[in-house]
Structures are given as structure tokens and as C-alpha cells.
>>> print(open('protein_21.pdb').read())   # PDB, C-alpha atoms
ATOM      1  CA  MET A   1      98.633   3.213  73.309  1.00  0.00           C
ATOM      2  CA  LYS A   2     100.600  -0.011  72.958  1.00  0.00           C
ATOM      3  CA  LEU A   3     101.457  -1.979  76.088  1.00  0.00           C
ATOM      4  CA  LYS A   4     104.137  -4.651  76.375  1.00  0.00           C
ATOM      5  CA  ILE A   5     103.058  -7.461  78.695  1.00  0.00           C
ATOM      6  CA  PHE A   6     105.466  -9.822  80.465  1.00  0.00           C
ATOM      7  CA  GLY A   7     105.451 -12.955  82.597  1.00  0.00           C
ATOM      8  CA  LYS A   8     102.265 -14.461  83.951  1.00  0.00           C
ATOM      9  CA  LEU A   9     100.337 -11.313  82.990  1.00  0.00           C
ATOM     10  CA  THR A  10     100.398 -12.542  79.377  1.00  0.00           C
ATOM     11  CA  ASP A  11      97.740 -15.103  80.349  1.00  0.00           C
ATOM     12  CA  LEU A  12      95.355 -12.321  81.358  1.00  0.00           C
ATOM     13  CA  PHE A  13      96.030 -10.280  78.206  1.00  0.00           C
ATOM     14  CA  ASN A  14      96.246 -13.308  75.873  1.00  0.00           C
ATOM     15  CA  GLY A  15      99.637 -12.271  74.583  1.00  0.00           C
ATOM     16  CA  ASN A  16     102.682 -10.029  74.903  1.00  0.00           C
ATOM     17  CA  ASP A  17     101.149  -6.893  73.372  1.00  0.00           C
ATOM     18  CA  TYR A  18      97.950  -5.016  74.056  1.00  0.00           C
ATOM     19  CA  ASP A  19      96.503  -1.953  72.324  1.00  0.00           C
ATOM     20  CA  LEU A  20      94.549   0.393  74.575  1.00  0.00           C
ATOM     21  CA  ASP A  21      92.582   3.492  73.647  1.00  0.00           C
ATOM     22  CA  SER A  22      94.658   6.203  75.304  1.00  0.00           C
ATOM     23  CA  GLU A  23      91.953   8.857  75.417  1.00  0.00           C
ATOM     24  CA  ASP A  24      91.636  10.298  78.946  1.00  0.00           C
ATOM     25  CA  ILE A  25      94.793   8.525  80.156  1.00  0.00           C
ATOM     26  CA  SER A  26      97.404  10.965  81.430  1.00  0.00           C
ATOM     27  CA  SER A  27      98.953   9.091  84.369  1.00  0.00           C
ATOM     28  CA  VAL A  28      99.820   5.594  85.506  1.00  0.00           C
ATOM     29  CA  SER A  29      96.857   5.792  87.885  1.00  0.00           C
ATOM     30  CA  ASP A  30      94.516   6.477  84.936  1.00  0.00           C
ATOM     31  CA  LEU A  31      96.069   3.569  83.055  1.00  0.00           C
ATOM     32  CA  LYS A  32      95.584   1.158  85.954  1.00  0.00           C
ATOM     33  CA  ASN A  33      91.971   2.221  86.440  1.00  0.00           C
ATOM     34  CA  ARG A  34      91.214   1.642  82.744  1.00  0.00           C
ATOM     35  CA  LEU A  35      92.913  -1.755  82.831  1.00  0.00           C
ATOM     36  CA  TYR A  36      91.029  -2.745  85.998  1.00  0.00           C
ATOM     37  CA  GLU A  37      87.755  -1.946  84.187  1.00  0.00           C
ATOM     38  CA  LYS A  38      88.703  -4.136  81.221  1.00  0.00           C
ATOM     39  CA  PHE A  39      90.423  -6.881  83.235  1.00  0.00           C
ATOM     40  CA  PRO A  40      88.896  -7.098  86.751  1.00  0.00           C
ATOM     41  CA  ALA A  41      91.162 -10.049  87.614  1.00  0.00           C
ATOM     42  CA  LEU A  42      94.146  -7.710  87.249  1.00  0.00           C
ATOM     43  CA  LYS A  43      93.167  -6.119  90.585  1.00  0.00           C
ATOM     44  CA  GLU A  44      94.301  -9.338  92.262  1.00  0.00           C
ATOM     45  CA  SER A  45      97.708  -9.241  90.549  1.00  0.00           C
ATOM     46  CA  THR A  46     100.848  -7.519  91.676  1.00  0.00           C
ATOM     47  CA  PHE A  47     102.705  -5.811  88.844  1.00  0.00           C
ATOM     48  CA  LEU A  48     105.025  -2.960  88.028  1.00  0.00           C
ATOM     49  CA  VAL A  49     104.355  -0.303  85.417  1.00  0.00           C
ATOM     50  CA  VAL A  50     107.460   0.761  83.504  1.00  0.00           C
ATOM     51  CA  VAL A  51     107.187   3.980  81.490  1.00  0.00           C
ATOM     52  CA  ASN A  52     109.929   4.729  78.975  1.00  0.00           C
ATOM     53  CA  GLY A  53     112.226   2.249  80.716  1.00  0.00           C
ATOM     54  CA  ILE A  54     111.715   3.632  84.244  1.00  0.00           C
ATOM     55  CA  LYS A  55     109.772   1.939  87.044  1.00  0.00           C
ATOM     56  CA  SER A  56     106.895   4.324  87.713  1.00  0.00           C
ATOM     57  CA  ASP A  57     104.432   5.167  90.438  1.00  0.00           C
ATOM     58  CA  ASP A  58     100.767   6.151  90.090  1.00  0.00           C
ATOM     59  CA  ASP A  59     101.582   9.860  89.669  1.00  0.00           C
ATOM     60  CA  THR A  60     103.892   9.361  86.678  1.00  0.00           C
ATOM     61  CA  SER A  61     102.651  11.192  83.582  1.00  0.00           C
ATOM     62  CA  ILE A  62     102.134   9.245  80.375  1.00  0.00           C
ATOM     63  CA  ASN A  63     100.999  10.091  76.865  1.00  0.00           C
ATOM     64  CA  LYS A  64     100.112   8.222  73.689  1.00  0.00           C
ATOM     65  CA  ASN A  65     103.810   8.066  72.698  1.00  0.00           C
ATOM     66  CA  SER A  66     105.014   6.606  76.002  1.00  0.00           C
ATOM     67  CA  GLU A  67     106.533   3.128  75.939  1.00  0.00           C
ATOM     68  CA  ILE A  68     104.701   1.178  78.629  1.00  0.00           C
ATOM     69  CA  ALA A  69     105.426  -2.278  79.999  1.00  0.00           C
ATOM     70  CA  LEU A  70     103.610  -4.280  82.662  1.00  0.00           C
ATOM     71  CA  LEU A  71     105.851  -6.616  84.624  1.00  0.00           C
ATOM     72  CA  PRO A  72     104.971  -9.091  87.360  1.00  0.00           C
ATOM     73  CA  PRO A  73     107.259  -9.172  90.401  1.00  0.00           C
ATOM     74  CA  TYR A  74     110.448 -11.078  89.852  1.00  0.00           C
ATOM     75  CA  SER A  75     113.357 -12.360  91.848  1.00  0.00           C
ATOM     76  CA  GLY A  76     116.788 -13.367  90.800  1.00  0.00           C
ATOM     77  CA  GLY A  77     119.687 -15.219  92.164  1.00  0.00           C
TER      78      GLY A  77
END
>>> encode(input="protein_21.pdb", output="C-alpha cells")
Amino acid sequence: MKLKIFGKLTDLFNGNDYDLDSEDISSVSDLKNRLYEKFPALKESTFLVVVNGIKSDDDTSINKNSEIALLPPYSGG
């Protein structure tokens, strides 16, 4: 599963892309739990999970073909 990483989260992931073994990941909640195991500091971050271009909640289903992006909060003016 390929993740696109944006904003200050790129510091945690050391780049804009991250490959994650997608076995046993079927929801955004599963994804977050796996990421929290690999990157404990991520628990302290606020971020949105976007699946196939749609802001998603923890119950959103995902699969190995889903396009996933992690975005920090943003504001505009």
C-alpha cells in the first residue's frame, strides 16, 4: 500500500511517499493503528486520512488499491 505524505508529516516519514505492508489493513482505523506502531510520535500529531480523494473517518474501508494520503491540518485565507 502506497501512502502519499504531506506537510510537516513528511519529517516523520522522511519523505512524501511511504510503502506499507497492507496485510490485515481493511479500514482507516487499522491503518492508523499500524502507523502508530511504526511511528509512535504520530500519535501526537493531528492529521486527516484521505482515501481515493475523500476525507475519511476511522470506519472507512480501504484495500491495497486505495489511494491514501495523510494531510496535516491546514488553514487558508
>>> resolve_selection(input="protein_21.pdb", expression="the PyMOL selection byres ((chain A and resi 7-21) around 8)", output="ChimeraX atom specification")
/A:1-6,22-23,39,41-42,70-72
>>> atom_distance(input="protein_21.pdb", atom1="CA of Glu37 in chain A", atom2="CA of Glu67 in chain A")
21.1 Å
>>> residues_around(input="protein_21.pdb", residues="Asp59 in chain A", least_positions_apart="3", cutoff="7 Å", atoms="only C-alpha atoms", output="PyMOL selection string")
chain A and resi 27-29
>>> atom_distance(input="protein_21.pdb", atom1="CA of Ser56 in chain A", atom2="CA of Arg34 in chain A")
16.7 Å
>>> axis_aligned_box(input="protein_21.pdb", around="range 23-42 of chain A", padding_each_side="6 Å", output="lines of an AutoDock Vina configuration file")
center_x = 93.8
center_y = 0.5
center_z = 81.7
size_x = 24.1
size_y = 33.0
size_z = 24.5
>>> atom_distance(input="protein_21.pdb", atom1="CA of Asn52 in chain A", atom2="CA of Lys38 in chain A")
23.1 Å
>>> closest_residue(input="protein_21.pdb", among="A:Ser61, A:Ala69, A:Asp30, A:Ile25", to="Phe47 in chain A", atoms="only C-alpha atoms")
A:Ala69
>>> closest_residue(input="protein_21.pdb", among="A:Asp58, A:Gly53, A:Ile68, A:Ser45", to="Lys32 in chain A", atoms="all atoms listed in the file")
A:Asp58
